[in-house]
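Novice: If you scroll down you'll find the structure; I have some questions about it.
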Amino acid sequence: MSKDKQFVSEITPQGEDFSRWYIDVIKKAELMDYSPVRGCIVFRPDGYEIWEHIKDELDRRFKETGHRNAYFPLFIPESFFQKEKEHVEGFNPELPWVTEAGGEILEERLAIRPTSETMIGHMYSKWIHSYRDLPVLINQWANVVRWEKRTLPFLRTSEFLWQEGHTAHENEGEAREETMRMLETYRSFVEDYLAIPVISGEKTPSERFAGAVDTYSIEAMMKDGRAVQAGTSHYLGNKFAVAFDIKFLDRDNQLQFAHTTSWGVSTRLIGSLIMVHGDDRGLVLPPKVAPTQVIMIPIGPPKTRDAVIARVDELYGELKKAGVRVRVDDRSDMSPGWKFNEYEMRGVPIRLELGPRDMENGVCVLVSRVSGEKRVVNQSDLTDEIQSMLEEIHRDMFEKAKSFREENTHAVDTLDEMKALLDQKRGFVTAGWCGSAACEKQVKEETSATSRNIPFEPAERKATCLVCGEKAEHTVVFARAY
């Protein structure tokens, strides 16, 4: 077996074992490594750079809508959680506690932050006194800890990175408008930046965030047909305001409780883009977050090496100046074939090949990671060709993922149909639901699928509940999920 063939064979095919494929790819591509702490990972530079690109673009969008960044403590007093009953019940199984510090037992246990509604609610009660103080539009970039029993790198870890927005408003209308604005911010980002098609909708009561009045989500389909909740936005009403005494004098000089929201996405977006776009050769990275957008590989015999590399360096400078994230691999001890395989596996969107004959003709060869198409372009047009090709790759990735989702979304009328379908096929199932918690619970118990959301724009509205046969109040997307 050749070295090049052996390199690819180290990745388990998706059709053989999708979970094993995922682990093979993220380790082989050096996105992460396991830490000595159970359920925690180390972000290696390429993995962390993907997160940096996600963070930078989202941060820009948040600031455009008037939000500002702040930072709140990692440790939260136990008494804070007791103030909002639903919230503590929702998070208590996952909370790690600090009980001793500096050699002394603490008077009050401190939770390590699972989310910050309680701490931020406490601080808002100190900062908000008048309607003139509203709205408060704050975002936090932070790490959080939820002691997960079953973990999967990036998608579900005991410690992960995220952003959490927390806002306070004069009335319900403004708070609900904020909730939907941020859900749409997530949708447009995930589709326009990560090339992942999502379904926007409202969570059922059983799937709401602990303590929320209403929760909304965007849901994405992975290549094994499972769902990932890619982002959530919550209207909290004044539940947390009452619990934490966030009151203000309104325009009529009457004391009112603020209406609050919270919303967030996390590093599970990294796992999502890997599972949505990857293939049996490895990663396929969306160009806008790829640490390296173009890999330049000089080829040809040793006698032409210096001249080819000199020209590669000139073109590298041009691309770098244009803002393209570009690297050169001019190692002489690795074959071009090995390099081709390596950077395909790492998901680099474009490979640029330049040899002595290309130099004579004033051209170079561009190869798309998505389509495999080879395109001969003039060196004088290289920057424009690269930027155009990156945009084309993004569109191709989005359409490919959208087609996959459509091909693997199935409509059913009964629970028996759903069970038979999920035994044979992967993907999402749309069905009618009467609104009964008992019917929703029965679906989960008999199929292991959960309600993902009630889509705002279902492809087809169902008339009857798939479990009881009564009139359907909603059309729901069900799926097995990560």
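Here, A, B, ... name the chains of the structure tokens in the order displayed, residue numbers run from 1 inside each chain, and ligands are numbered from 1 in the same displayed order.
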Within 9 Å of Leu95 in chain A, counting only C-alpha atoms, which residues qualify if same-chain residues fewer than 5 places away don't, as a PDB file with C-alpha atoms, in the first residue's frame?
Specialist:
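Contents of selection-v6.pdb, as written:
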ATOM      1  CA  ALA A 111     -21.596  26.591  41.536  1.00  0.00           C
ATOM      2  CA  ILE A 112     -19.233  26.752  38.583  1.00  0.00           C
ATOM      3  CA  ARG A 113     -21.139  28.713  35.944  1.00  0.00           C
ATOM      4  CA  PRO A 114     -23.511  26.561  33.818  1.00  0.00           C
ATOM      5  CA  VAL A 145     -19.338  23.926  32.881  1.00  0.00           C
ATOM      6  CA  ARG A 146     -22.093  21.305  32.739  1.00  0.00           C
ATOM      7  CA  TRP A 147     -21.066  17.921  34.089  1.00  0.00           C
TER       8      TRP A 147
END
Novice: Which residues of range 14-51 of chain A come within 10 Å of range 219-231 of chain A, and for each one, what is the closest pair of atoms and their distance in Å to one decimal, counting only C-alpha atoms, sorted by chain and residue number, as JSON lines?
Specialist:
{"residue": "A:Gln14", "atom": "CA", "partner": "A:Asp224", "partner_atom": "CA", "distance": 8.1}
{"residue": "A:Gly15", "atom": "CA", "partner": "A:Asp224", "partner_atom": "CA", "distance": 8.6}
{"residue": "A:Asp17", "atom": "CA", "partner": "A:Asp224", "partner_atom": "CA", "distance": 9.6}
{"residue": "A:Phe18", "atom": "CA", "partner": "A:Asp224", "partner_atom": "CA", "distance": 6.7}
{"residue": "A:Ser19", "atom": "CA", "partner": "A:Asp224", "partner_atom": "CA", "distance": 9.0}
Novice: Using only C-alpha atoms, determine which residues lie at most 8 Å from range 267-269 of chain A, disregarding the query and same-chain residues fewer than 4 positions distant; provide the list as a list in words.
Specialist: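 These residues fall inside the cut-off: Trp51, Phe154, Leu155, Arg156, Phe160, Leu161, Trp162, Ala230 and Leu273 of chain A.
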Novice: Of the candidates A:Lys462, A:Arg176, A:Arg281, A:Arg208, which one gets nearest to Glu86 in chain A if we count only C-alpha atoms?
Specialist: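 When distances to Glu86 in chain A are compared using only C-alpha atoms, the smallest one comes from A:Arg208.
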Novice: Report the closest atom pair, with its distance in Å rounded to one decimal, for each residue of range 135-192 of chain A that has an atom no farther than 12 Å from range 213-216 of chain A; count only C-alpha atoms, sort by chain and then rising residue number, and write it as a tab-separated table.
Specialist:
residue	atom	partner	partner_atom	distance
A:Glu172	CA	A:Val213	CA	11.1
A:Ala175	CA	A:Asp214	CA	11.4
A:Arg176	CA	A:Asp214	CA	9.4
A:Glu178	CA	A:Tyr216	CA	11.9
A:Thr179	CA	A:Tyr216	CA	8.2
A:Met180	CA	A:Tyr216	CA	8.1
A:Arg181	CA	A:Tyr216	CA	11.1
A:Met182	CA	A:Tyr216	CA	10.0
A:Leu183	CA	A:Tyr216	CA	7.1
A:Glu184	CA	A:Tyr216	CA	10.2
A:Tyr186	CA	A:Tyr216	CA	11.0
A:Arg187	CA	A:Tyr216	CA	11.2
Novice: Would you mind reading off the distance between CA of Leu285 in chain A and CA of Gly347 in chain A, one decimal, in Å?
Specialist: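 It comes out at 5.0 Å.
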Novice: Using only C-alpha atoms for the distances, tell me which of A:Glu460, A:Glu52, A:Asp313, A:Glu148 is nearest to Val476 in chain A.
Specialist: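 The answer is A:Glu460, which sits nearest to Val476 in chain A.
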Novice: For Val324 in chain A, list every protein, DNA or RNA residue within 9 Å, evaluated using only C-alpha atoms, and leave out those in the same chain fewer than 5 positions away; present the list as a CSV table (one decimal) with N, CA and C atoms, in the first residue's frame.
Specialist:
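Output file around18.csv is given in full below:
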chain,number,residue,atom,x,y,z
A,292,THR,N,-7.1,28.0,7.1
A,292,THR,CA,-6.3,28.2,5.8
A,292,THR,C,-7.4,28.1,4.7
A,293,GLN,N,-7.5,29.1,3.9
A,293,GLN,CA,-8.4,29.1,2.8
A,293,GLN,C,-7.8,28.6,1.5
A,294,VAL,N,-6.5,28.8,1.3
A,294,VAL,CA,-5.8,28.4,0.2
A,294,VAL,C,-4.4,27.8,0.6
A,318,GLU,N,0.7,38.5,-2.8
A,318,GLU,CA,-0.5,39.1,-3.4
A,318,GLU,C,-1.8,38.7,-2.7
A,319,LEU,N,-1.9,37.4,-2.5
A,319,LEU,CA,-3.1,36.8,-1.9
A,319,LEU,C,-3.2,37.3,-0.4
A,383,THR,N,-6.0,36.6,-7.7
A,383,THR,CA,-6.8,37.1,-6.6
A,383,THR,C,-8.3,37.1,-6.8
A,386,ILE,N,-9.5,33.5,-7.0
A,386,ILE,CA,-9.6,32.8,-5.7
A,386,ILE,C,-10.8,33.3,-4.9
A,387,GLN,N,-11.0,34.6,-4.9
A,387,GLN,CA,-12.2,35.2,-4.1
A,387,GLN,C,-13.5,34.7,-4.7
Novice: Please list as a PyMOL selection string every residue within 9 Å of Glu207 in chain A, counting only C-alpha atoms and excluding residues in the same chain fewer than 2 positions away.
Specialist: chain A and resi 203-205+209-210+215+450-453
Novice: Only N, CA and C atoms, please: the residues just picked out, written as an mmCIF file, in the first residue's frame.
Specialist:
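What ended up in out_0.cif:
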data_model
loop_
_atom_site.group_PDB
_atom_site.id
_atom_site.type_symbol
_atom_site.label_atom_id
_atom_site.label_comp_id
_atom_site.auth_asym_id
_atom_site.auth_seq_id
_atom_site.Cartn_x
_atom_site.Cartn_y
_atom_site.Cartn_z
ATOM 1 N N LYS A 203 -39.604 26.009 20.507
ATOM 2 C CA LYS A 203 -39.500 24.767 21.260
ATOM 3 C C LYS A 203 -40.838 24.434 21.933
ATOM 4 N N THR A 204 -41.114 23.155 22.068
ATOM 5 C CA THR A 204 -42.289 22.742 22.832
ATOM 6 C C THR A 204 -42.024 22.998 24.314
ATOM 7 N N PRO A 205 -43.064 23.066 25.146
ATOM 8 C CA PRO A 205 -42.858 23.361 26.570
ATOM 9 C C PRO A 205 -41.851 22.429 27.256
ATOM 10 N N PHE A 209 -35.919 26.162 27.637
ATOM 11 C CA PHE A 209 -34.858 26.473 28.585
ATOM 12 C C PHE A 209 -35.463 26.595 29.976
ATOM 13 N N ALA A 210 -34.752 26.080 30.983
ATOM 14 C CA ALA A 210 -35.270 26.083 32.352
ATOM 15 C C ALA A 210 -35.523 27.507 32.840
ATOM 16 N N THR A 215 -38.994 29.479 24.321
ATOM 17 C CA THR A 215 -37.659 29.245 23.772
ATOM 18 C C THR A 215 -37.783 28.992 22.279
ATOM 19 N N THR A 450 -36.803 13.218 19.725
ATOM 20 C CA THR A 450 -37.382 14.307 20.498
ATOM 21 C C THR A 450 -37.917 15.374 19.553
ATOM 22 N N SER A 451 -38.816 16.193 20.078
ATOM 23 C CA SER A 451 -39.295 17.321 19.279
ATOM 24 C C SER A 451 -38.151 18.327 19.185
ATOM 25 N N ARG A 452 -37.801 18.715 17.966
ATOM 26 C CA ARG A 452 -36.730 19.697 17.785
ATOM 27 C C ARG A 452 -37.301 21.112 17.875
ATOM 28 N N ASN A 453 -38.298 21.403 17.108
ATOM 29 C CA ASN A 453 -39.044 22.652 17.279
ATOM 30 C C ASN A 453 -40.323 22.622 16.455
#
Novice: Pull the strand (DSSP E) assignments for range 16-144 of chain A out of DSSP run on the backbone, and list those residues as an mmCIF file with C-alpha atoms, in the first residue's frame.
Specialist:
data_model
loop_
_atom_site.group_PDB
_atom_site.id
_atom_site.type_symbol
_atom_site.label_atom_id
_atom_site.label_comp_id
_atom_site.auth_asym_id
_atom_site.auth_seq_id
_atom_site.Cartn_x
_atom_site.Cartn_y
_atom_site.Cartn_z
ATOM 1 C CA MET A 32 -8.503 18.949 19.438
ATOM 2 C CA ASP A 33 -7.044 16.471 21.876
ATOM 3 C CA TYR A 34 -8.378 14.862 25.030
ATOM 4 C CA ILE A 41 -10.890 18.771 25.565
ATOM 5 C CA VAL A 42 -7.934 20.876 24.497
ATOM 6 C CA PHE A 43 -8.555 23.105 21.499
ATOM 7 C CA ARG A 68 -21.860 45.488 24.307
ATOM 8 C CA ASN A 69 -19.576 42.905 25.890
ATOM 9 C CA PHE A 75 -18.578 31.225 40.526
ATOM 10 C CA ILE A 76 -22.246 31.613 41.452
ATOM 11 C CA PRO A 77 -23.597 31.394 45.041
ATOM 12 C CA TRP A 97 -19.867 22.714 43.257
ATOM 13 C CA VAL A 98 -16.942 24.351 45.033
ATOM 14 C CA THR A 99 -17.203 23.561 48.743
ATOM 15 C CA GLU A 100 -13.692 24.309 49.996
ATOM 16 C CA ALA A 101 -11.115 26.990 49.207
ATOM 17 C CA GLU A 104 -11.413 26.163 54.631
ATOM 18 C CA ILE A 105 -14.976 24.942 54.110
ATOM 19 C CA LEU A 106 -17.041 27.666 52.434
ATOM 20 C CA GLU A 107 -20.056 29.066 54.263
ATOM 21 C CA GLU A 108 -22.043 28.810 51.035
ATOM 22 C CA ARG A 109 -21.413 26.439 48.145
ATOM 23 C CA LEU A 110 -20.433 28.031 44.845
ATOM 24 C CA ALA A 111 -21.596 26.591 41.536
ATOM 25 C CA ILE A 112 -19.233 26.752 38.583
ATOM 26 C CA VAL A 136 -29.721 46.883 28.798
ATOM 27 C CA LEU A 137 -28.056 44.965 25.943
ATOM 28 C CA ILE A 138 -25.113 42.919 27.181
ATOM 29 C CA ASN A 139 -23.261 39.918 25.789
ATOM 30 C CA GLN A 140 -20.629 37.762 27.459
ATOM 31 C CA TRP A 141 -17.976 35.528 25.857
ATOM 32 C CA ALA A 142 -17.095 32.895 28.422
ATOM 33 C CA ASN A 143 -16.566 29.278 29.340
ATOM 34 C CA VAL A 144 -19.263 27.285 31.137
#
Novice: Write down as an MDAnalysis selection string the residues of range 48-287 of chain A whose backbone DSSP state falls under alpha helix (DSSP H).
Specialist: chainID A and resid 48:64 78:82 85:91 117:127 172:194 239:244 268:277
Novice: Skipping near chain neighbours, those fewer than 5 positions away, what residues fall within 10 Å of Gly355 in chain A using only C-alpha atoms, listed as number ranges by chain?
Specialist: A: 297-301, 304-305, 307-309, 311-312, 360, 363-365
Novice: Restricting the output to N, CA and C atoms, write the selected residues as a short mmCIF file (atom, residue, chain, number, x, y, z; two decimals), in the first residue's frame.
Specialist:
data_model
loop_
_atom_site.label_atom_id
_atom_site.label_comp_id
_atom_site.auth_asym_id
_atom_site.auth_seq_id
_atom_site.Cartn_x
_atom_site.Cartn_y
_atom_site.Cartn_z
N ILE A 297 0.98 24.70 -3.21
CA ILE A 297 1.92 23.57 -3.27
C ILE A 297 2.76 23.68 -4.55
N PRO A 298 4.05 24.03 -4.42
CA PRO A 298 4.93 24.03 -5.59
C PRO A 298 5.27 22.60 -5.99
N ILE A 299 5.28 22.32 -7.29
CA ILE A 299 5.57 20.98 -7.78
C ILE A 299 6.62 21.05 -8.89
N GLY A 300 7.22 19.91 -9.20
CA GLY A 300 8.21 19.88 -10.28
C GLY A 300 9.53 19.29 -9.80
N PRO A 301 10.48 19.06 -10.72
CA PRO A 301 11.77 18.45 -10.39
C PRO A 301 12.65 19.39 -9.57
N THR A 304 14.12 22.79 -10.85
CA THR A 304 13.27 23.98 -11.03
C THR A 304 12.73 24.51 -9.70
N ARG A 305 13.06 23.85 -8.63
CA ARG A 305 12.47 24.12 -7.32
C ARG A 305 12.62 25.58 -6.90
N ALA A 307 13.17 28.35 -8.58
CA ALA A 307 12.42 29.30 -9.40
C ALA A 307 10.92 29.22 -9.12
N VAL A 308 10.41 27.98 -8.97
CA VAL A 308 8.98 27.80 -8.70
C VAL A 308 8.63 28.39 -7.33
N ILE A 309 9.46 28.10 -6.33
CA ILE A 309 9.18 28.61 -4.99
C ILE A 309 9.24 30.14 -4.96
N ARG A 311 8.38 32.14 -7.34
CA ARG A 311 7.11 32.64 -7.91
C ARG A 311 5.94 32.39 -6.95
N VAL A 312 5.96 31.24 -6.29
CA VAL A 312 4.93 30.95 -5.30
C VAL A 312 4.94 32.01 -4.21
N GLU A 360 5.81 28.89 -17.18
CA GLU A 360 6.05 29.26 -18.58
C GLU A 360 4.80 29.84 -19.23
N VAL A 363 0.22 30.62 -15.75
CA VAL A 363 -1.02 30.14 -15.14
C VAL A 363 -0.71 29.39 -13.85
N CYS A 364 -1.74 28.98 -13.17
CA CYS A 364 -1.62 28.04 -12.05
C CYS A 364 -2.92 27.24 -12.00
N VAL A 365 -2.92 26.17 -11.23
CA VAL A 365 -4.07 25.27 -11.15
C VAL A 365 -4.73 25.41 -9.79
#
Novice: Given the choices A:Ser332, A:Thr430, A:Asn238, A:Ser130, which gets closest to Ala459 in chain A if the distance is worked out from only C-alpha atoms?
Specialist: A:Thr430
Novice: Quick one: residues within 8 Å of Glu117 in chain A, only C-alpha atoms, excluding same-chain residues fewer than 3 positions away - as a ChimeraX atom specification?
Specialist: /A:120-121,166,240,262
Novice: Can you write just those residues out, N, CA and C atoms, as an mmCIF file, in the first residue's frame?
Specialist:
data_model
loop_
_atom_site.group_PDB
_atom_site.id
_atom_site.type_symbol
_atom_site.label_atom_id
_atom_site.label_comp_id
_atom_site.auth_asym_id
_atom_site.auth_seq_id
_atom_site.Cartn_x
_atom_site.Cartn_y
_atom_site.Cartn_z
ATOM 1 N N ILE A 120 -26.250 37.520 36.461
ATOM 2 C CA ILE A 120 -26.540 38.747 35.730
ATOM 3 C C ILE A 120 -27.834 39.385 36.248
ATOM 4 N N GLY A 121 -28.807 38.550 36.619
ATOM 5 C CA GLY A 121 -30.028 39.086 37.221
ATOM 6 C C GLY A 121 -29.732 39.852 38.499
ATOM 7 N N HIS A 166 -27.669 38.707 27.351
ATOM 8 C CA HIS A 166 -28.676 38.921 28.401
ATOM 9 C C HIS A 166 -29.166 40.358 28.298
ATOM 10 N N PHE A 240 -37.288 36.062 35.950
ATOM 11 C CA PHE A 240 -36.011 36.326 36.602
ATOM 12 C C PHE A 240 -36.007 37.718 37.235
ATOM 13 N N SER A 262 -32.518 35.932 27.090
ATOM 14 C CA SER A 262 -31.150 35.408 27.004
ATOM 15 C C SER A 262 -31.053 34.586 25.729
#
Novice: CA of Gly264 in chain A and CA of Gly165 in chain A, how far apart in Å?
Specialist: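 Here the two named atoms are 6.2 Å from each other.
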Novice: Out of A:Glu16, A:Arg251, A:Tyr235, A:Ile50, which residue has the shortest atom-to-atom distance to His129 in chain A when counting only C-alpha atoms?
Specialist: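 Of all the options, A:Arg251 lies closest to His129 in chain A.
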Novice: Take CA of Arg346 in chain A and CA of Leu283 in chain A and report the distance between them in Å, one decimal.
Specialist: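 Computed distance, CA of Arg346 in chain A to CA of Leu283 in chain A, equals 5.3 Å.
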Novice: Choose the residue, out of A:Phe428, A:Trp127, A:Tyr316, A:Phe398, that has the smallest atom-to-atom separation from Leu382 in chain A; count only C-alpha atoms.
Specialist: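 Smallest distance to Leu382 in chain A is found for A:Tyr316.
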